[in-house]
file query-v7.cif (mmCIF, C-alpha atoms)
data_coords
#
loop_
_atom_site.label_atom_id
_atom_site.label_comp_id
_atom_site.auth_asym_id
_atom_site.auth_seq_id
_atom_site.Cartn_x
_atom_site.Cartn_y
_atom_site.Cartn_z
CA MET A 1 10.19 -25.80 -0.25
CA LYS A 2 8.62 -23.23 2.06
CA VAL A 3 5.69 -21.16 0.76
CA PHE A 4 4.26 -18.18 2.63
CA GLY A 5 0.66 -17.24 1.82
CA ILE A 6 -0.96 -13.87 2.53
CA ASP A 7 -4.63 -12.85 2.44
CA PRO A 8 -4.50 -9.06 2.86
CA GLY A 9 -7.15 -6.91 4.55
CA SER A 10 -7.04 -3.64 6.45
CA GLU A 11 -8.82 -5.06 9.52
CA ARG A 12 -7.31 -8.55 9.39
CA THR A 13 -4.49 -9.89 7.23
CA GLY A 14 -4.26 -13.66 7.18
CA TYR A 15 -0.91 -15.42 6.80
CA GLY A 16 0.18 -19.03 6.62
CA CYS A 17 3.45 -20.76 5.94
CA ILE A 18 3.73 -24.34 4.68
CA GLU A 19 6.63 -26.68 4.04
CA THR A 20 6.09 -28.95 1.04
CA ASP A 21 7.80 -31.51 -1.17
CA GLY A 22 5.27 -30.79 -3.91
CA SER A 23 2.75 -33.43 -2.91
CA ARG A 24 2.74 -33.52 0.88
CA HIS A 25 2.37 -30.26 2.80
CA ARG A 26 3.05 -29.48 6.44
CA LEU A 27 1.79 -26.45 8.35
CA VAL A 28 4.63 -24.35 9.76
CA VAL A 29 2.73 -21.38 11.13
CA CYS A 30 -0.47 -19.50 10.46
CA GLY A 31 -2.55 -16.72 11.97
CA ALA A 32 -3.86 -13.24 11.32
CA VAL A 33 -2.50 -9.75 11.88
CA THR A 34 -5.41 -7.91 13.50
CA THR A 35 -5.39 -4.13 13.62
CA SER A 36 -7.06 -2.13 16.38
CA PRO A 37 -10.30 -0.41 15.37
CA ARG A 38 -9.04 2.58 17.39
CA SER A 39 -5.88 2.92 15.26
CA SER A 40 -5.72 5.45 12.45
CA PHE A 41 -5.73 3.95 8.97
CA PRO A 42 -2.04 4.79 8.30
CA ASP A 43 -1.12 3.18 11.65
CA LYS A 44 -2.99 0.03 10.62
CA LEU A 45 -0.89 -0.10 7.45
CA LEU A 46 2.25 0.24 9.55
CA VAL A 47 1.17 -2.66 11.82
CA ILE A 48 0.40 -4.93 8.83
CA HIS A 49 3.68 -4.09 7.10
CA GLN A 50 5.85 -4.52 10.21
CA ALA A 51 4.17 -7.81 11.19
CA LEU A 52 4.60 -9.30 7.69
CA ARG A 53 8.23 -8.10 7.48
CA ARG A 54 8.97 -9.80 10.82
CA LEU A 55 7.11 -13.05 9.94
CA LEU A 56 8.84 -13.28 6.55
CA ALA A 57 12.25 -12.68 8.15
CA GLU A 58 11.52 -15.45 10.68
CA GLN A 59 10.32 -17.97 8.09
CA ARG A 60 12.57 -17.05 5.15
CA PRO A 61 10.21 -18.76 2.64
CA ASP A 62 11.25 -19.72 -0.91
CA CYS A 63 8.37 -17.63 -2.21
CA VAL A 64 5.28 -15.70 -1.28
CA SER A 65 1.78 -16.30 -2.65
CA VAL A 66 -0.86 -13.57 -2.35
CA GLU A 67 -4.53 -13.54 -3.21
CA ASN A 68 -5.04 -11.20 -6.16
CA VAL A 69 -8.14 -9.05 -6.38
CA PHE A 70 -9.84 -7.38 -9.33
CA TYR A 71 -13.27 -6.90 -7.84
CA ALA A 72 -14.68 -5.35 -4.69
CA LYS A 73 -18.12 -4.45 -3.35
CA ASN A 74 -17.54 -0.80 -4.22
CA VAL A 75 -14.85 1.82 -4.88
CA ARG A 76 -14.50 2.65 -1.18
CA SER A 77 -13.80 -0.95 -0.11
CA ALA A 78 -11.50 -1.38 -3.14
CA LEU A 79 -9.45 1.63 -1.98
CA LYS A 80 -9.21 0.25 1.58
CA LEU A 81 -8.22 -3.24 0.40
CA GLY A 82 -5.75 -1.71 -2.09
CA HIS A 83 -3.87 0.08 0.70
CA ALA A 84 -3.55 -3.12 2.76
CA ARG A 85 -2.52 -5.19 -0.28
CA GLY A 86 0.00 -2.50 -1.23
CA VAL A 87 1.93 -2.73 2.04
CA ALA A 88 1.65 -6.56 2.01
CA LEU A 89 3.16 -6.82 -1.50
CA LEU A 90 5.81 -4.29 -0.44
CA ALA A 91 6.83 -6.46 2.53
CA ALA A 92 7.36 -9.39 0.13
CA VAL A 93 9.34 -7.51 -2.54
CA GLU A 94 11.43 -5.65 0.07
CA GLY A 95 12.52 -9.04 1.41
CA GLY A 96 13.41 -10.15 -2.12
CA TYR A 97 10.99 -13.09 -2.05
CA PRO A 98 9.63 -14.27 -5.42
CA LEU A 99 6.01 -13.16 -5.44
CA PHE A 100 3.08 -14.99 -7.03
CA GLU A 101 -0.51 -13.84 -7.23
CA TYR A 102 -3.65 -15.90 -7.74
CA THR A 103 -7.28 -14.82 -8.02
CA PRO A 104 -9.76 -16.08 -5.38
CA ALA A 105 -11.37 -18.26 -8.10
CA GLU A 106 -8.00 -19.83 -9.04
CA ILE A 107 -7.28 -20.58 -5.38
CA LYS A 108 -10.71 -22.14 -4.78
CA ARG A 109 -10.53 -24.12 -8.01
CA THR A 110 -7.10 -25.48 -7.10
CA VAL A 111 -7.79 -26.22 -3.43
CA VAL A 112 -11.48 -27.20 -3.47
CA GLY A 113 -11.97 -28.04 -7.16
CA TYR A 114 -14.67 -25.40 -7.57
CA GLY A 115 -14.06 -21.69 -8.23
CA ARG A 116 -17.08 -20.52 -6.26
CA ALA A 117 -16.50 -22.62 -3.15
CA GLU A 118 -17.64 -21.27 0.24
CA LYS A 119 -15.18 -20.15 2.94
CA ALA A 120 -16.04 -23.23 5.04
CA GLN A 121 -15.20 -25.57 2.13
CA VAL A 122 -11.81 -23.85 1.67
CA GLY A 123 -11.12 -24.24 5.40
CA GLU A 124 -12.09 -27.93 5.33
CA MET A 125 -9.82 -28.68 2.32
CA VAL A 126 -6.94 -26.77 3.95
CA ARG A 127 -7.50 -28.90 7.07
CA LEU A 128 -7.43 -32.15 5.03
CA LEU A 129 -4.42 -31.17 2.87
CA LEU A 130 -2.38 -30.18 5.94
CA GLY A 131 -3.58 -33.12 8.07
CA LEU A 132 -4.95 -30.91 10.84
CA ASP A 133 -7.59 -31.69 13.48
CA ALA A 134 -9.54 -28.53 12.71
CA ALA A 135 -9.63 -25.87 9.99
CA PRO A 136 -7.30 -22.99 10.91
CA THR A 137 -9.10 -19.93 12.28
CA PRO A 138 -9.79 -17.12 11.63
CA HIS A 139 -10.80 -17.89 8.04
CA ASP A 140 -8.22 -15.30 6.87
CA ALA A 141 -5.52 -17.74 8.06
CA SER A 142 -7.18 -20.59 6.11
CA ASP A 143 -7.42 -18.35 3.03
CA ALA A 144 -3.72 -17.46 3.29
CA LEU A 145 -2.81 -21.17 3.55
CA ALA A 146 -5.06 -21.85 0.55
CA ALA A 147 -3.09 -19.23 -1.43
CA ALA A 148 0.16 -20.98 -0.44
CA ILE A 149 -1.22 -24.42 -1.41
CA CYS A 150 -2.52 -22.98 -4.72
CA HIS A 151 1.00 -21.85 -5.59
CA VAL A 152 2.44 -25.31 -4.85
CA HIS A 153 -0.07 -26.85 -7.25
CA SER A 154 0.60 -24.28 -9.99
CA SER A 155 3.13 -24.98 -12.73
CA GLU A 156 5.65 -22.47 -11.33
CA GLY A 157 5.26 -23.96 -7.87
CA LEU A 158 5.79 -27.52 -9.06
CA ALA A 159 8.87 -26.51 -11.03
CA GLN A 160 10.22 -24.74 -7.93
CA ALA A 161 9.51 -27.79 -5.76
CA ALA A 162 11.27 -30.04 -8.28
CA ILE A 163 14.35 -27.81 -8.25
CA ALA A 164 14.34 -27.70 -4.44
CA ASP A 165 13.92 -31.50 -4.40
CA ALA A 166 16.83 -31.99 -6.81
CA ALA A 167 18.97 -29.65 -4.75
CA ARG A 168 18.39 -31.89 -1.73
CA GLY A 169 19.57 -34.86 -3.82
CA ALA A 170 16.21 -36.60 -3.64
CA ARG A 171 16.13 -39.67 -5.88
CA LYS A 172 12.41 -39.61 -6.53
CA ALA A 173 11.74 -38.15 -9.97
CA PRO A 174 9.57 -35.04 -9.71
CA ARG A 175 6.06 -35.73 -10.91
CA SER A 176 4.69 -33.67 -13.73
CA TRP A 177 2.45 -30.77 -12.83
CA ARG A 178 -0.49 -32.51 -14.48
CA GLU A 179 -0.69 -35.11 -11.75
CA TYR A 180 -1.36 -32.47 -9.17
CA ARG A 181 -4.24 -30.81 -10.90
CA PRO A 182 -7.33 -31.20 -8.70
CA MET B 1 7.85 25.05 9.04
CA LYS B 2 8.50 22.50 6.31
CA VAL B 3 5.54 20.68 4.74
CA PHE B 4 5.94 17.75 2.35
CA GLY B 5 3.02 17.09 -0.02
CA ILE B 6 2.36 13.82 -1.84
CA ASP B 7 -0.03 13.06 -4.72
CA PRO B 8 0.11 9.25 -5.00
CA GLY B 9 -0.33 7.24 -8.20
CA SER B 10 1.00 3.91 -9.39
CA GLU B 11 2.43 5.34 -12.64
CA ARG B 12 3.50 8.72 -11.26
CA THR B 13 3.61 9.92 -7.66
CA GLY B 14 3.97 13.69 -7.32
CA TYR B 15 5.85 15.21 -4.39
CA GLY B 16 6.62 18.74 -3.31
CA CYS B 17 8.22 20.27 -0.24
CA ILE B 18 7.65 23.87 0.88
CA GLU B 19 9.10 26.01 3.64
CA THR B 20 6.56 28.42 5.14
CA ASP B 21 6.02 30.94 7.93
CA GLY B 22 2.26 30.46 7.59
CA SER B 23 1.71 33.26 5.09
CA ARG B 24 4.70 33.22 2.75
CA HIS B 25 5.75 29.92 1.16
CA ARG B 26 8.99 28.97 -0.56
CA LEU B 27 9.49 25.97 -2.84
CA VAL B 28 12.19 23.63 -1.53
CA VAL B 29 11.92 20.75 -3.98
CA CYS B 30 9.27 19.12 -6.15
CA GLY B 31 9.00 16.46 -8.82
CA ALA B 32 7.45 13.09 -9.57
CA VAL B 33 8.48 9.50 -8.98
CA THR B 34 7.84 7.81 -12.31
CA THR B 35 7.70 4.04 -12.50
CA SER B 36 8.69 2.07 -15.57
CA PRO B 37 5.78 0.61 -17.56
CA ARG B 38 7.93 -2.52 -17.92
CA SER B 39 8.18 -3.02 -14.15
CA SER B 40 5.90 -5.45 -12.37
CA PHE B 41 3.25 -3.84 -10.18
CA PRO B 42 4.93 -4.90 -6.88
CA ASP B 43 8.24 -3.48 -8.17
CA LYS B 44 6.51 -0.16 -8.90
CA LEU B 45 5.31 -0.07 -5.30
CA LEU B 46 8.86 -0.71 -4.13
CA VAL B 47 10.20 2.19 -6.28
CA ILE B 48 7.53 4.60 -4.96
CA HIS B 49 8.12 3.60 -1.34
CA GLN B 50 11.92 3.78 -1.54
CA ALA B 51 11.89 7.13 -3.36
CA LEU B 52 9.52 8.71 -0.82
CA ARG B 53 11.49 7.27 2.13
CA ARG B 54 14.67 8.81 0.71
CA LEU B 55 13.07 12.20 -0.10
CA LEU B 56 11.49 12.43 3.37
CA ALA B 57 14.78 11.53 5.05
CA GLU B 58 16.52 14.25 3.00
CA GLN B 59 13.92 16.95 3.75
CA ARG B 60 12.91 15.95 7.30
CA PRO B 61 9.63 17.92 7.05
CA ASP B 62 7.54 18.92 10.09
CA CYS B 63 4.60 17.09 8.57
CA VAL B 64 3.31 15.33 5.47
CA SER B 65 0.13 16.24 3.59
CA VAL B 66 -1.44 13.68 1.24
CA GLU B 67 -4.36 13.93 -1.13
CA ASN B 68 -7.15 11.74 0.22
CA VAL B 69 -9.39 9.82 -2.15
CA PHE B 70 -12.86 8.37 -1.72
CA TYR B 71 -13.83 8.08 -5.35
CA ALA B 72 -12.33 6.53 -8.47
CA LYS B 73 -13.43 5.83 -12.03
CA ASN B 74 -14.02 2.19 -11.15
CA VAL B 75 -13.07 -0.59 -8.73
CA ARG B 76 -10.02 -1.55 -10.77
CA SER B 77 -8.49 1.93 -10.75
CA ALA B 78 -9.43 2.29 -7.05
CA LEU B 79 -7.48 -0.89 -6.27
CA LYS B 80 -4.43 0.36 -8.22
CA LEU B 81 -4.50 3.80 -6.60
CA GLY B 82 -5.05 2.20 -3.18
CA HIS B 83 -1.84 0.17 -3.50
CA ALA B 84 0.22 3.28 -4.39
CA ARG B 85 -1.40 5.36 -1.64
CA GLY B 86 -0.80 2.55 0.84
CA VAL B 87 2.97 2.53 0.36
CA ALA B 88 3.05 6.37 0.29
CA LEU B 89 1.24 6.65 3.64
CA LEU B 90 3.50 3.91 4.97
CA ALA B 91 6.63 5.90 4.03
CA ALA B 92 5.28 8.86 6.04
CA VAL B 93 4.27 6.94 9.18
CA GLU B 94 7.46 4.85 9.14
CA GLY B 95 9.41 8.11 9.28
CA GLY B 96 7.26 9.27 12.21
CA TYR B 97 6.04 12.38 10.35
CA PRO B 98 2.63 13.75 11.41
CA LEU B 99 0.32 12.89 8.53
CA PHE B 100 -2.60 14.98 7.27
CA GLU B 101 -5.05 14.08 4.52
CA TYR B 102 -7.24 16.38 2.44
CA THR B 103 -9.75 15.56 -0.27
CA PRO B 104 -9.12 16.90 -3.80
CA ALA B 105 -12.10 19.27 -3.32
CA GLU B 106 -10.65 20.64 -0.05
CA ILE B 107 -7.29 21.21 -1.71
CA LYS B 108 -8.81 22.98 -4.71
CA ARG B 109 -11.11 25.06 -2.52
CA THR B 110 -8.18 26.16 -0.35
CA VAL B 111 -5.67 26.81 -3.12
CA VAL B 112 -7.89 28.03 -5.98
CA GLY B 113 -11.03 29.02 -4.05
CA TYR B 114 -13.21 26.61 -6.03
CA GLY B 115 -13.60 22.89 -5.24
CA ARG B 116 -13.98 21.86 -8.88
CA ALA B 117 -11.03 23.80 -10.27
CA GLU B 118 -9.17 22.43 -13.30
CA LYS B 119 -5.62 21.05 -13.08
CA ALA B 120 -4.27 24.11 -14.95
CA GLN B 121 -5.88 26.48 -12.42
CA VAL B 122 -4.30 24.56 -9.53
CA GLY B 123 -0.91 24.76 -11.27
CA GLU B 124 -1.31 28.51 -11.85
CA MET B 125 -2.21 29.21 -8.20
CA VAL B 126 0.69 27.05 -6.98
CA ARG B 127 2.96 29.11 -9.29
CA LEU B 128 1.63 32.40 -7.88
CA LEU B 129 1.69 31.31 -4.21
CA LEU B 130 5.28 30.06 -4.52
CA GLY B 131 6.44 32.98 -6.68
CA LEU B 132 7.63 30.78 -9.52
CA ASP B 133 8.15 31.65 -13.19
CA ALA B 134 6.10 28.69 -14.38
CA ALA B 135 3.74 26.13 -12.86
CA PRO B 136 5.70 23.07 -11.70
CA THR B 137 5.46 20.10 -14.03
CA PRO B 138 4.32 17.37 -14.28
CA HIS B 139 0.91 18.31 -12.84
CA ASP B 140 1.39 15.61 -10.19
CA ALA B 141 4.16 17.81 -8.71
CA SER B 142 1.82 20.84 -8.71
CA ASP B 143 -0.90 18.74 -7.08
CA ALA B 144 1.49 17.58 -4.36
CA LEU B 145 2.53 21.20 -3.68
CA ALA B 146 -1.16 22.15 -3.58
CA ALA B 147 -1.70 19.45 -0.90
CA ALA B 148 1.19 20.94 1.11
CA ILE B 149 -0.18 24.50 0.74
CA CYS B 150 -3.66 23.26 1.71
CA HIS B 151 -2.28 21.92 4.97
CA VAL B 152 -0.56 25.24 5.78
CA HIS B 153 -3.89 27.04 5.34
CA SER B 154 -5.80 24.50 7.45
CA SER B 155 -6.38 25.12 11.16
CA GLU B 156 -3.91 22.39 12.18
CA GLY B 157 -1.32 23.79 9.79
CA LEU B 158 -1.70 27.35 11.08
CA ALA B 159 -1.44 26.16 14.69
CA GLN B 160 1.71 24.21 13.77
CA ALA B 161 3.20 27.24 11.99
CA ALA B 162 2.42 29.43 15.03
CA ILE B 163 4.17 26.96 17.33
CA ALA B 164 7.17 26.78 15.00
CA ASP B 165 7.17 30.59 14.81
CA ALA B 166 7.06 30.95 18.59
CA ALA B 167 9.85 28.40 18.93
CA ARG B 168 11.99 30.60 16.70
CA GLY B 169 11.20 33.55 19.04
CA ALA B 170 9.45 35.52 16.33
CA ARG B 171 7.75 38.61 17.73
CA LYS B 172 5.00 38.78 15.14
CA ALA B 173 1.73 37.46 16.59
CA PRO B 174 0.45 34.54 14.56
CA ARG B 175 -2.57 35.48 12.51
CA SER B 176 -5.78 33.56 13.03
CA TRP B 177 -6.59 30.84 10.53
CA ARG B 178 -9.60 32.76 9.30
CA GLU B 179 -7.41 35.35 7.64
CA TYR B 180 -5.94 32.72 5.39
CA ARG B 181 -9.17 31.32 4.08
CA PRO B 182 -9.30 31.99 0.34
#
call {"tool": "encode", "arguments": {"input": "query-v7.cif", "output": "C-alpha cells"}}
result
Amino acid sequence: MKVFGIDPGSERTGYGCIETDGSRHRLVVCGAVTTSPRSSFPDKLLVIHQALRRLLAEQRPDCVSVENVFYAKNVRSALKLGHARGVALLAAVEGGYPLFEYTPAEIKRTVVGYGRAEKAQVGEMVRLLLGLDAAPTPHDASDALAAAICHVHSSEGLAQAAIADAARGARKAPRSWREYRP
Amino acid sequence: MKVFGIDPGSERTGYGCIETDGSRHRLVVCGAVTTSPRSSFPDKLLVIHQALRRLLAEQRPDCVSVENVFYAKNVRSALKLGHARGVALLAAVEGGYPLFEYTPAEIKRTVVGYGRAEKAQVGEMVRLLLGLDAAPTPHDASDALAAAICHVHSSEGLAQAAIADAARGARKAPRSWREYRP
C-alpha cells in the first residue's frame, strides 16, 4: 500500500510518500513545496496546489493522510494556514484519493509514543521507521512522512493494508491493529 | 468591463457578476454556492471550487474581486473560512483572472459610505446601484456584488474601466476616480 502524507503551510508544504505492508515501511519520495516570499498569496496557493496535484498523479497513492489542525497562534495565522490546507485537501479530493486527517497530537502519539513530542523526536522516529541514515529535511517533510506513518498504524490504515495484502495473494495473515499500537 | 465578486464561506459562498462602464452597473448573474451539511469538509471545498471554476469560465470576467478577511470570531472559524477562501482564490488565479481583495470595511465604506454598515444596508445599496426591484438574496450574493462594485469604484477598477472604455472607442472622457468616492 502506498500512503502519501501532507503537512500543509503557506510558506512550505511538506510531503512524503511511503510504501508499506502494514509493518515495514519504505520511503518512496519526500520533500517540501517552497513558495517564493516575493509571490502574491494567491500565487503561493496556486504553486502548492499544482505541485501536490503533480506529485499525487506521479505517485498514485492508495490514500492521502494530512495533518489536521484545530489550533493556531492567532486568527491571522489560522487564516493563512487554512488557505494552504484548503488547496492541499482540494488536490487530494480532486484526484479521488481517500483522505484521512490526524491531529498533530495523534501523529506524535502514534509515531513517537508521546503526544507532545518535539520536532526532532518526530524526525528521529521517522528516520528509524523508514531505515534512513538521517532524518528527512526540512522538518515539514519529516512531519508529512509522520502523517503517512500515523495513517498506516491507524485502524483504517491497517484494514486497508490487509486488503491490499490479500489482493496480492500474500499468505501471511494480517496482524490485528492492536499489535501495531506504539 | 465585467467584474466577478466572491464572498467565500464553507457553508455558503456568494457570487455576483456585474457589467459596468465605470458609473452605471448592470447585474449579470448572482447567487450562492451552498454545500450540503452532510458532505465532508473536503467535499465541500471541492463543490465550492468546481462551482466557481464553472461560473468564471461561463462569465469570463475582466477581473475578480474577493472580500479579504483578517479577523474572525475565533481560530476555529478562521481555519474554516481560510479553507473556503483558499479554494475560491485558487479558482480565480487558475483561470488567470486579475484578482483584487478588499476588506469588509472598505467594501461597506465604498458601497454604503459607512465602514460598519449592517448587512441590510449593503443589500439595499446593491439593489439601488444595480437598479433591482429587491436586494439579491441570500445576503452572501449581495455581499459578493458589493465586493464587485467596490472594485469598480477603486482606483484600479476605474483605470481598468477607462482602458476598457477606450478600447471600445468611446468618446466620453473617463471620469477621475475621485468623482466616484461615496
call {"tool": "resolve_selection", "arguments": {"input": "query-v7.cif", "expression": "the PyMOL selection byres ((chain A) within 10 of (chain B))", "output": "PyMOL selection string"}}
result
chain A and resi 41-47+49-50+69-94+99
call {"tool": "atom_distance", "arguments": {"input": "query-v7.cif", "atom1": "CA of Lys119 (chain B)", "atom2": "CA of Glu11 (chain B)"}}
result
17.7 Å
call {"tool": "resolve_selection", "arguments": {"input": "query-v7.cif", "expression": "the PyMOL selection byres ((chain B and resi 65) around 8)", "output": "list of chain:residue names"}}
result
B:Val3, B:Phe4, B:Gly5, B:Ile6, B:Cys63, B:Val64, B:Val66, B:Glu67, B:Leu99, B:Phe100, B:Glu101, B:Tyr102, B:Ala147, B:Ala148, B:His151
call {"tool": "resolve_selection", "arguments": {"input": "query-v7.cif", "expression": "the PyMOL selection byres ((chain A and resi 105) around 8)", "output": "list in words"}}
result
Thr103, Pro104, Glu106, Ile107, Lys108, Arg109, Tyr114, Gly115 and Arg116 of chain A
call {"tool": "closest_residue", "arguments": {"input": "query-v7.cif", "among": "A:Ala141, A:Val28, A:Ala146, A:Leu158", "to": "Met125 (chain A)", "atoms": "all atoms listed in the file"}}
result
A:Ala146
call {"tool": "atom_distance", "arguments": {"input": "query-v7.cif", "atom1": "CA of Thr137 (chain A)", "atom2": "CA of Ala161 (chain A)"}}
result
27.1 Å
call {"tool": "atom_distance", "arguments": {"input": "query-v7.cif", "atom1": "CA of Ile163 (chain B)", "atom2": "CA of Arg24 (chain B)"}}
result
15.9 Å
call {"tool": "residues_near_point", "arguments": {"input": "query-v7.cif", "point": "(-1.5, -8.9, 8.6)", "cutoff": "6 Å", "atoms": "all atoms listed in the file", "output": "MDAnalysis selection string"}}
result
chainID A and resid 12:14 32:33 48
call {"tool": "write_last_selection", "arguments": {"input": "query-v7.cif", "atoms": "C-alpha atoms", "output": "mmCIF file, in the frame of the given file"}}
result
data_model
loop_
_atom_site.group_PDB
_atom_site.id
_atom_site.type_symbol
_atom_site.label_atom_id
_atom_site.label_comp_id
_atom_site.auth_asym_id
_atom_site.auth_seq_id
_atom_site.Cartn_x
_atom_site.Cartn_y
_atom_site.Cartn_z
ATOM 1 C CA ARG A 12 -7.310 -8.550 9.390
ATOM 2 C CA THR A 13 -4.490 -9.890 7.230
ATOM 3 C CA GLY A 14 -4.260 -13.660 7.180
ATOM 4 C CA ALA A 32 -3.860 -13.240 11.320
ATOM 5 C CA VAL A 33 -2.500 -9.750 11.880
ATOM 6 C CA ILE A 48 0.400 -4.930 8.830
#
call {"tool": "residues_around", "arguments": {"input": "query-v7.cif", "residues": "Cys30 (chain A)", "least_positions_apart": "4", "cutoff": "8 Å", "atoms": "all atoms listed in the file", "output": "PyMOL selection string"}}
result
chain A and resi 14-17+136+141+145
call {"tool": "closest_residue", "arguments": {"input": "query-v7.cif", "among": "A:Gln121, A:Ser40, A:Thr110, A:Asn68", "to": "Ser142 (chain A)", "atoms": "all atoms listed in the file"}}
result
A:Gln121
call {"tool": "closest_residue", "arguments": {"input": "query-v7.cif", "among": "B:Leu129, B:Ala166, B:Ala134, B:Leu56", "to": "Ser23 (chain B)", "atoms": "only C-alpha atoms"}}
result
B:Leu129
call {"tool": "build_atoms", "arguments": {"input": "query-v7.cif", "residues": "region 156-163 of chain A", "atoms": "all heavy atoms", "output": "short mmCIF file (atom, residue, chain, number, x, y, z; two decimals), in the frame of the given file"}}
result
data_model
loop_
_atom_site.label_atom_id
_atom_site.label_comp_id
_atom_site.auth_asym_id
_atom_site.auth_seq_id
_atom_site.Cartn_x
_atom_site.Cartn_y
_atom_site.Cartn_z
N GLU A 156 4.43 -23.08 -11.89
CA GLU A 156 5.65 -22.47 -11.33
C GLU A 156 6.02 -23.13 -10.00
O GLU A 156 7.19 -23.40 -9.73
CB GLU A 156 5.47 -20.97 -11.05
CG GLU A 156 5.38 -20.09 -12.26
CD GLU A 156 3.93 -19.83 -12.63
OE1 GLU A 156 3.06 -20.62 -12.19
OE2 GLU A 156 3.68 -18.86 -13.36
N GLY A 157 5.01 -23.37 -9.18
CA GLY A 157 5.26 -23.96 -7.87
C GLY A 157 5.83 -25.35 -7.98
O GLY A 157 6.77 -25.71 -7.27
N LEU A 158 5.30 -26.15 -8.91
CA LEU A 158 5.79 -27.52 -9.06
C LEU A 158 7.21 -27.53 -9.60
O LEU A 158 8.03 -28.34 -9.18
CB LEU A 158 4.85 -28.31 -9.98
CG LEU A 158 3.51 -28.63 -9.31
CD1 LEU A 158 2.51 -29.13 -10.32
CD2 LEU A 158 3.73 -29.68 -8.22
N ALA A 159 7.50 -26.61 -10.51
CA ALA A 159 8.87 -26.51 -11.03
C ALA A 159 9.82 -26.13 -9.90
O ALA A 159 10.89 -26.72 -9.76
CB ALA A 159 8.91 -25.46 -12.15
N GLN A 160 9.41 -25.17 -9.08
CA GLN A 160 10.22 -24.74 -7.93
C GLN A 160 10.47 -25.90 -6.98
O GLN A 160 11.59 -26.10 -6.52
CB GLN A 160 9.47 -23.65 -7.15
CG GLN A 160 9.75 -22.23 -7.61
CD GLN A 160 9.16 -21.24 -6.60
OE1 GLN A 160 8.07 -21.44 -6.11
NE2 GLN A 160 9.89 -20.21 -6.30
N ALA A 161 9.39 -26.66 -6.69
CA ALA A 161 9.51 -27.79 -5.76
C ALA A 161 10.48 -28.84 -6.32
O ALA A 161 11.27 -29.42 -5.58
CB ALA A 161 8.14 -28.40 -5.50
N ALA A 162 10.40 -29.05 -7.64
CA ALA A 162 11.27 -30.04 -8.28
C ALA A 162 12.73 -29.63 -8.15
O ALA A 162 13.61 -30.45 -7.86
CB ALA A 162 10.88 -30.19 -9.74
N ILE A 163 12.98 -28.33 -8.36
CA ILE A 163 14.35 -27.81 -8.25
C ILE A 163 14.85 -27.95 -6.82
O ILE A 163 15.96 -28.42 -6.58
CB ILE A 163 14.41 -26.33 -8.71
CG1 ILE A 163 14.14 -26.25 -10.22
CG2 ILE A 163 15.75 -25.70 -8.38
CD1 ILE A 163 13.75 -24.86 -10.71
#
